[in-house]
>>> print(open('coords_25.cif').read())   # mmCIF, C-alpha atoms
data_upload
loop_
_atom_site.label_atom_id
_atom_site.label_comp_id
_atom_site.auth_asym_id
_atom_site.auth_seq_id
_atom_site.Cartn_x
_atom_site.Cartn_y
_atom_site.Cartn_z
CA MET A 1054 -5.97 12.19 -6.07
CA HIS A 1055 -4.06 12.59 -2.83
CA LEU A 1056 -2.19 9.43 -1.79
CA LEU A 1057 0.39 8.64 0.88
CA LEU A 1058 1.58 5.05 0.47
CA LEU A 1059 3.90 3.88 3.24
CA SER A 1060 6.00 0.75 3.01
CA ASN A 1061 5.56 0.11 6.74
CA SER A 1062 3.77 1.50 9.78
CA THR A 1063 6.23 0.19 12.37
CA GLN A 1064 9.98 0.75 12.31
CA TYR A 1065 12.49 -1.10 14.47
CA GLY A 1066 12.96 0.66 17.80
CA ARG A 1067 10.19 3.20 17.21
CA GLY A 1068 6.48 3.51 17.98
CA TYR A 1069 3.60 3.01 15.58
CA LEU A 1070 3.93 5.48 12.65
CA GLU A 1071 6.59 7.37 14.59
CA HIS A 1072 9.15 7.17 11.76
CA ALA A 1073 6.75 8.97 9.39
CA LEU A 1074 4.64 10.98 11.84
CA ASP A 1075 5.55 14.42 10.51
CA THR A 1076 4.73 13.30 6.98
CA VAL A 1077 1.46 11.69 8.07
CA THR A 1078 0.25 14.70 10.06
CA GLY A 1079 1.29 16.99 7.21
CA PHE A 1080 -0.63 14.89 4.72
CA LEU A 1081 -3.86 14.70 6.71
CA PRO A 1082 -6.04 17.83 6.96
CA ALA A 1083 -5.73 19.74 10.24
CA GLY A 1084 -8.11 18.29 12.81
CA ALA A 1085 -8.99 15.49 10.40
CA ARG A 1086 -11.66 12.89 11.05
CA LEU A 1087 -9.88 9.75 9.90
CA ALA A 1088 -11.74 6.62 8.82
CA PHE A 1089 -9.48 3.71 9.69
CA VAL A 1090 -9.87 0.34 7.95
CA PRO A 1091 -8.56 -2.36 10.34
CA TYR A 1092 -9.53 -5.48 8.38
CA ALA A 1093 -5.98 -6.70 7.67
CA LEU A 1094 -5.77 -7.89 11.31
CA ALA A 1095 -8.28 -10.03 13.22
CA ASP A 1096 -8.68 -7.80 16.30
CA HIS A 1097 -10.24 -4.67 14.86
CA ASP A 1098 -10.78 -2.86 18.17
CA THR A 1099 -7.20 -3.26 19.39
CA TYR A 1100 -5.83 -2.24 16.01
CA THR A 1101 -7.97 0.88 15.89
CA ALA A 1102 -6.95 1.80 19.44
CA ARG A 1103 -3.30 1.59 18.37
CA VAL A 1104 -3.89 4.05 15.55
CA ARG A 1105 -5.79 6.38 17.90
CA SER A 1106 -2.90 6.38 20.36
CA ALA A 1107 -0.49 7.37 17.61
CA LEU A 1108 -2.57 10.07 15.91
CA GLU A 1109 -5.02 11.62 18.36
CA PRO A 1110 -2.25 13.55 20.21
CA ALA A 1111 -1.78 15.37 16.88
CA GLY A 1112 -5.45 16.40 16.87
CA ILE A 1113 -6.63 13.68 14.46
CA THR A 1114 -9.87 11.89 15.37
CA VAL A 1115 -9.77 8.18 14.50
CA ARG A 1116 -12.82 5.98 14.02
CA GLY A 1117 -12.68 2.40 12.81
CA VAL A 1118 -15.04 1.72 9.93
CA HIS A 1119 -16.05 -1.51 11.70
CA GLU A 1120 -17.65 0.65 14.42
CA HIS A 1121 -20.18 1.91 11.88
CA ALA A 1122 -23.37 -0.03 11.11
CA GLU A 1123 -22.49 0.28 7.41
CA PRO A 1124 -18.68 0.37 7.06
CA ALA A 1125 -18.77 1.96 3.61
CA ALA A 1126 -20.99 4.78 4.90
CA ALA A 1127 -18.26 5.76 7.39
CA LEU A 1128 -16.41 7.45 4.55
CA LYS A 1129 -19.13 10.08 4.19
CA ASP A 1130 -18.23 11.69 7.52
CA ALA A 1131 -14.44 11.37 7.08
CA ASP A 1132 -11.80 13.83 5.95
CA ALA A 1133 -9.40 11.02 4.99
CA VAL A 1134 -9.17 7.24 4.95
CA PHE A 1135 -6.33 5.06 6.22
CA ILE A 1136 -6.04 1.36 5.36
CA GLY A 1137 -3.61 -0.34 7.71
CA GLY A 1138 -1.23 -3.23 7.26
CA GLY A 1139 -1.53 -6.90 8.04
CA ASN A 1140 -2.51 -9.74 5.74
CA SER A 1141 -3.37 -8.45 2.26
CA PHE A 1142 -5.61 -11.40 1.34
CA ARG A 1143 -7.72 -11.04 4.49
CA LEU A 1144 -7.92 -7.28 3.91
CA LEU A 1145 -9.01 -7.52 0.30
CA SER A 1146 -11.60 -10.17 1.11
CA ALA A 1147 -13.11 -7.84 3.72
CA LEU A 1148 -13.11 -4.87 1.34
CA TYR A 1149 -15.20 -6.88 -1.09
CA ARG A 1150 -17.49 -8.25 1.65
CA THR A 1151 -18.26 -4.84 3.17
CA GLY A 1152 -18.60 -2.90 -0.07
CA LEU A 1153 -15.62 -0.76 0.89
CA ARG A 1154 -13.65 -1.62 -2.21
CA GLU A 1155 -15.97 0.32 -4.49
CA ALA A 1156 -16.74 2.97 -1.87
CA VAL A 1157 -13.07 3.79 -1.24
CA VAL A 1158 -12.29 4.02 -4.95
CA ASP A 1159 -15.21 6.38 -5.54
CA ALA A 1160 -14.40 8.55 -2.52
CA VAL A 1161 -10.67 8.82 -3.28
CA ARG A 1162 -11.26 9.62 -6.93
CA ALA A 1163 -13.65 12.34 -5.72
CA GLY A 1164 -10.88 13.89 -3.59
CA LEU A 1165 -10.77 12.04 -0.25
CA PRO A 1166 -7.11 11.70 0.85
CA TYR A 1167 -5.97 8.07 1.03
CA MET A 1168 -3.22 6.75 3.28
CA GLY A 1169 -2.03 3.16 3.17
CA ALA A 1170 0.66 1.22 4.99
CA SER A 1171 1.99 -2.19 3.97
CA ALA A 1172 -1.15 -4.15 2.98
CA GLY A 1173 -3.00 -0.84 2.64
CA THR A 1174 -0.34 0.26 0.17
CA ASN A 1175 -0.76 -3.01 -1.74
CA MET A 1176 -4.45 -2.13 -2.09
CA ALA A 1177 -3.62 1.04 -4.04
CA ALA A 1178 -2.14 -0.97 -6.93
CA PRO A 1179 -4.25 -2.70 -9.61
CA THR A 1180 -3.86 -6.23 -8.23
CA LEU A 1181 -2.63 -8.25 -5.27
CA ARG A 1182 -0.02 -10.06 -7.35
CA THR A 1183 3.05 -8.41 -5.81
CA THR A 1184 2.17 -8.81 -2.13
CA ASN A 1185 4.53 -10.73 0.16
CA ASP A 1186 1.69 -12.31 2.13
CA MET A 1187 0.40 -15.85 2.47
CA PRO A 1188 -3.14 -16.35 1.07
CA ILE A 1189 -4.81 -17.26 4.37
CA VAL A 1190 -8.22 -16.57 2.79
CA GLN A 1191 -9.43 -16.44 -0.81
CA PRO A 1192 -10.83 -13.07 -1.90
CA PRO A 1193 -13.33 -12.99 -4.76
CA SER A 1194 -10.65 -11.54 -7.03
CA PHE A 1195 -7.04 -10.32 -6.94
CA GLU A 1196 -8.26 -6.96 -8.27
CA THR A 1197 -7.55 -4.26 -5.68
CA LEU A 1198 -8.32 -0.52 -5.76
CA GLY A 1199 -6.30 0.54 -8.81
CA LEU A 1200 -5.60 4.03 -7.50
CA VAL A 1201 -2.24 3.88 -9.32
CA PRO A 1202 -1.72 1.92 -12.57
CA PHE A 1203 1.49 0.14 -11.51
CA GLN A 1204 2.35 -2.43 -8.87
CA ILE A 1205 3.99 -1.82 -5.48
CA ASN A 1206 6.00 -4.18 -3.29
CA PRO A 1207 6.09 -2.86 0.30
CA HIS A 1208 8.77 -4.11 2.71
CA TYR A 1209 11.12 -4.66 -0.23
CA LEU A 1210 14.20 -6.59 0.92
CA ASP A 1211 17.54 -6.56 -0.89
CA PRO A 1212 19.28 -9.87 -1.61
CA ASP A 1213 21.72 -10.80 1.14
CA PRO A 1214 24.89 -12.25 -0.45
CA ALA A 1215 25.94 -13.70 2.92
CA SER A 1216 22.68 -15.59 3.47
CA THR A 1217 22.60 -19.39 3.34
CA HIS A 1218 18.86 -19.37 2.62
CA LYS A 1219 18.23 -20.91 -0.79
CA GLY A 1220 14.64 -19.77 -1.37
CA GLU A 1221 13.83 -17.05 -3.89
CA THR A 1222 14.91 -13.52 -3.10
CA ARG A 1223 12.41 -10.69 -3.43
CA GLU A 1224 14.21 -9.58 -6.58
CA GLU A 1225 13.79 -13.06 -8.09
CA ARG A 1226 10.09 -13.13 -7.27
CA LEU A 1227 9.51 -9.75 -8.88
CA THR A 1228 11.52 -10.83 -11.92
CA GLU A 1229 9.16 -13.82 -12.21
CA PHE A 1230 6.21 -11.42 -12.03
CA LEU A 1231 7.64 -9.42 -14.93
CA GLU A 1232 8.07 -12.59 -16.98
CA GLU A 1233 4.28 -12.95 -16.90
CA ASN A 1234 3.13 -9.32 -16.67
CA ASP A 1235 4.34 -6.13 -18.32
CA VAL A 1236 3.72 -3.79 -15.39
CA PRO A 1237 6.34 -1.75 -13.46
CA VAL A 1238 6.82 -2.66 -9.79
CA LEU A 1239 7.97 -0.07 -7.26
CA GLY A 1240 9.81 -1.79 -4.41
CA LEU A 1241 9.48 0.32 -1.26
CA ARG A 1242 12.10 -0.44 1.36
CA GLU A 1243 11.06 -0.01 4.97
CA GLY A 1244 11.26 3.66 5.89
CA SER A 1245 10.26 4.81 2.40
CA TRP A 1246 6.95 5.87 0.89
CA LEU A 1247 5.27 7.18 -2.24
CA ARG A 1248 3.47 10.51 -2.33
CA VAL A 1249 0.96 11.21 -5.11
CA GLU A 1250 -0.66 14.59 -5.66
CA ASP A 1251 -2.89 14.57 -8.73
CA GLU A 1252 -0.53 14.00 -11.69
CA ALA A 1253 2.69 14.13 -9.66
CA ALA A 1254 4.35 11.27 -7.77
CA HIS A 1255 7.57 11.25 -5.73
CA VAL A 1256 9.55 8.71 -3.73
CA GLU A 1257 10.11 9.99 -0.20
CA GLY A 1258 11.43 8.80 3.15
CA ALA A 1259 14.70 7.73 4.71
CA ARG A 1260 15.65 5.03 2.18
CA PRO A 1261 15.67 4.76 -1.61
CA ALA A 1262 13.11 2.72 -3.50
CA ARG A 1263 13.81 0.22 -6.28
CA LEU A 1264 12.00 0.15 -9.61
CA PHE A 1265 11.55 -3.05 -11.60
CA THR A 1266 10.47 -2.97 -15.25
CA ARG A 1267 10.38 -5.62 -17.93
CA GLY A 1268 13.47 -5.74 -20.15
CA ALA A 1269 15.65 -3.60 -17.88
CA GLY A 1270 17.68 -4.02 -14.71
CA PRO A 1271 16.37 -2.67 -11.39
CA ARG A 1272 16.85 1.07 -10.83
CA GLU A 1273 17.59 2.77 -7.52
CA LEU A 1274 15.37 5.76 -6.80
CA ALA A 1275 16.62 8.16 -4.15
CA ALA A 1276 14.26 10.10 -1.91
CA GLY A 1277 12.86 13.01 -3.87
CA THR A 1278 12.89 11.17 -7.20
CA ASP A 1279 10.05 12.20 -9.49
CA VAL A 1280 8.22 9.08 -10.67
CA SER A 1281 5.23 10.86 -12.17
CA HIS A 1282 5.74 8.96 -15.42
CA LEU A 1283 4.56 5.80 -13.63
CA LEU A 1284 1.09 7.34 -13.35
CA ARG A 1285 0.88 7.12 -17.15
CA THR A 1286 1.55 3.36 -17.12
CA GLU A 1287 -0.66 1.18 -19.28
CA PRO A 1288 -0.47 -2.14 -17.40
CA ARG A 1289 -0.49 -5.39 -19.35
CA PHE A 1290 -1.32 -8.34 -17.10
CA ASP A 1291 -1.05 -11.95 -18.22
CA ALA A 1292 1.28 -10.94 -21.04
CA PRO A 1293 4.13 -13.49 -20.94
CA ALA A 1294 7.47 -12.34 -22.26
CA ARG A 1295 8.42 -13.93 -25.58
#
>>> encode(input="coords_25.cif", output="structure tokens")
Amino acid sequence: MHLLLLSNSTQYGRGYLEHALDTVTGFLPAGARLAFVPYALADHDTYTARVRSALEPAGITVRGVHEHAEPAAALKDADAVFIGGGNSFRLLSALYRTGLREAVVDAVRAGLPYMGASAGTNMAAPTLRTTNDMPIVQPPSFETLGLVPFQINPHYLDPDPASTHKGETREERLTEFLEENDVPVLGLREGSWLRVEDEAAHVEGARPARLFTRGAGPRELAAGTDVSHLLRTEPRFDAPAR
């Protein structure tokens, strides 16, 4: 499989995908026809136009799958698929409703390059359980695409020792997840991403990632770190720690 899983598509002070544009255009085939999945936001046309504006100057043709009479069939004419960010629950619900969930899995496992950002990166994991989003709709299941066997937390935020906010930190929430599930979680800070090429996986980007595993403290993973071992994960969900 060929996966590019971005923590974020927008970076402070920069245009859409600008912070990762060289990586994105290097990942996509030259002159690619890109099937864009805009279902994480309500306005599909405006969202698709934003992606076109960012990528078509690089020679990439962008078509929203919602523009096709059968969204899942749009993958047949594409050289790659990109699932954009927004609300993960709304996105997953739409993937089930349109048949894209199964179609994307089949196409990517057959070799179609997959790019995700934020919610689209959440979709690559086995379940929705480590998203940051509010459940504004109820999908049929939390089961996502399962392109990788471990969980991902895009937009990972470090605890701020100076903050007066008393709600849970992201680290505390992920620790709670590991109390109930024995599955590694890769926290991708904004500006970082995961690249998977067949049996190899590496952390890339401008910032390090953070890896959470049951029974161990979080580990910092600098850009370039080989995390291929995570692809051999055997996830155990609903396995409370004793």
>>> closest_residue(input="coords_25.cif", among="A:Tyr1100, A:Tyr1149, A:Phe1089, A:Phe1265", to="Phe1230 (chain A)", atoms="only C-alpha atoms")
A:Phe1265
>>> atom_distance(input="coords_25.cif", atom1="CA of Arg1267 (chain A)", atom2="CA of Val1249 (chain A)")
23.2 Å
>>> resolve_selection(input="coords_25.cif", expression="the PyMOL selection byres ((chain A and resi 1054-1070) around 7)", output="list in words")
Glu1071, His1072, Ala1073, Leu1074, Ala1107, Val1161, Arg1162, Gly1164, Pro1166, Tyr1167, Met1168, Gly1169, Ala1170, Ser1171, Thr1174, Pro1207, His1208, Leu1241, Arg1242, Glu1243, Gly1244, Ser1245, Trp1246, Leu1247, Arg1248, Val1249, Glu1250 and Asp1251 of chain A
>>> axis_aligned_box(input="coords_25.cif", around="region 1169-1187 of chain A", padding_each_side="3 Å", output="JSON")
{"center_x": 0.0, "center_y": -6.3, "center_z": -2.3, "size_x": 15.0, "size_y": 25.0, "size_z": 20.6}
>>> resolve_selection(input="coords_25.cif", expression="the PyMOL selection byres ((chain A and resi 1113) around 12)", output="ChimeraX atom specification")
/A:1074,1077-1089,1104-1112,1114-1116,1131-1135
>>> resolve_selection(input="coords_25.cif", expression="the PyMOL selection byres ((chain A and resi 1187) around 8)", output="ChimeraX atom specification")
/A:1140,1142,1185-1186,1188-1189
>>> closest_residue(input="coords_25.cif", among="A:Ala1294, A:Ala1275, A:Met1176, A:Ala1269", to="Asn1234 (chain A)", atoms="only C-alpha atoms")
A:Ala1294
>>> atom_distance(input="coords_25.cif", atom1="CA of Leu1094 (chain A)", atom2="CA of Asn1175 (chain A)")
14.8 Å
>>> atom_distance(input="coords_25.cif", atom1="CA of Arg1226 (chain A)", atom2="CA of Tyr1209 (chain A)")
11.1 Å
>>> residues_around(input="coords_25.cif", residues="Arg1295 (chain A)", least_positions_apart="4", cutoff="12 Å", atoms="all atoms listed in the file", output="PyMOL selection string")
chain A and resi 1231-1235+1267-1268
>>> write_last_selection(input="coords_25.cif", atoms="C-alpha atoms", output="PDB file, keeping the file's coordinate frame")
ATOM      1  CA  LEU A1231       7.640  -9.420 -14.930  1.00  0.00           C
ATOM      2  CA  GLU A1232       8.070 -12.590 -16.980  1.00  0.00           C
ATOM      3  CA  GLU A1233       4.280 -12.950 -16.900  1.00  0.00           C
ATOM      4  CA  ASN A1234       3.130  -9.320 -16.670  1.00  0.00           C
ATOM      5  CA  ASP A1235       4.340  -6.130 -18.320  1.00  0.00           C
ATOM      6  CA  ARG A1267      10.380  -5.620 -17.930  1.00  0.00           C
ATOM      7  CA  GLY A1268      13.470  -5.740 -20.150  1.00  0.00           C
TER       8      GLY A1268
END
>>> build_atoms(input="coords_25.cif", residues="region 1103-1119 of chain A", atoms="N, CA, C and O atoms", output="short mmCIF file (atom, residue, chain, number, x, y, z; two decimals), in the frame of the given file")
data_model
loop_
_atom_site.label_atom_id
_atom_site.label_comp_id
_atom_site.auth_asym_id
_atom_site.auth_seq_id
_atom_site.Cartn_x
_atom_site.Cartn_y
_atom_site.Cartn_z
N ARG A 1103 -4.73 1.31 18.60
CA ARG A 1103 -3.30 1.59 18.37
C ARG A 1103 -3.13 2.81 17.47
O ARG A 1103 -2.27 3.66 17.71
N VAL A 1104 -3.96 2.91 16.45
CA VAL A 1104 -3.89 4.05 15.55
C VAL A 1104 -4.32 5.32 16.28
O VAL A 1104 -3.70 6.38 16.13
N ARG A 1105 -5.36 5.22 17.10
CA ARG A 1105 -5.79 6.38 17.90
C ARG A 1105 -4.65 6.89 18.78
O ARG A 1105 -4.42 8.10 18.87
N SER A 1106 -3.99 5.99 19.45
CA SER A 1106 -2.90 6.38 20.36
C SER A 1106 -1.80 7.12 19.63
O SER A 1106 -1.17 8.03 20.18
N ALA A 1107 -1.56 6.74 18.38
CA ALA A 1107 -0.49 7.37 17.61
C ALA A 1107 -0.89 8.73 17.05
O ALA A 1107 -0.07 9.64 16.98
N LEU A 1108 -2.17 8.89 16.66
CA LEU A 1108 -2.57 10.07 15.91
C LEU A 1108 -3.41 11.08 16.67
O LEU A 1108 -3.39 12.28 16.33
N GLU A 1109 -4.15 10.66 17.67
CA GLU A 1109 -5.02 11.62 18.36
C GLU A 1109 -4.24 12.70 19.11
O GLU A 1109 -4.74 13.83 19.22
N PRO A 1110 -3.01 12.43 19.62
CA PRO A 1110 -2.25 13.55 20.21
C PRO A 1110 -1.95 14.67 19.21
O PRO A 1110 -1.69 15.81 19.60
N ALA A 1111 -2.00 14.35 17.91
CA ALA A 1111 -1.78 15.37 16.88
C ALA A 1111 -3.08 16.03 16.45
O ALA A 1111 -3.10 16.78 15.47
N GLY A 1112 -4.18 15.76 17.17
CA GLY A 1112 -5.45 16.40 16.87
C GLY A 1112 -6.27 15.70 15.79
O GLY A 1112 -7.22 16.28 15.26
N ILE A 1113 -5.92 14.45 15.48
CA ILE A 1113 -6.63 13.68 14.46
C ILE A 1113 -7.60 12.72 15.16
O ILE A 1113 -7.19 11.94 16.01
N THR A 1114 -8.86 12.78 14.81
CA THR A 1114 -9.87 11.89 15.37
C THR A 1114 -9.94 10.62 14.54
O THR A 1114 -10.08 10.68 13.31
N VAL A 1115 -9.81 9.47 15.20
CA VAL A 1115 -9.77 8.18 14.50
C VAL A 1115 -11.00 7.37 14.85
O VAL A 1115 -11.32 7.16 16.02
N ARG A 1116 -11.70 6.90 13.81
CA ARG A 1116 -12.82 5.98 14.02
C ARG A 1116 -12.67 4.80 13.08
O ARG A 1116 -12.48 4.98 11.87
N GLY A 1117 -12.73 3.59 13.63
CA GLY A 1117 -12.68 2.40 12.81
C GLY A 1117 -13.96 2.24 12.02
O GLY A 1117 -15.06 2.43 12.55
N VAL A 1118 -13.84 1.87 10.74
CA VAL A 1118 -15.04 1.72 9.93
C VAL A 1118 -15.90 0.56 10.44
O VAL A 1118 -17.12 0.55 10.22
N HIS A 1119 -15.29 -0.38 11.16
CA HIS A 1119 -16.05 -1.51 11.70
C HIS A 1119 -16.99 -1.08 12.82
O HIS A 1119 -17.90 -1.82 13.19
#
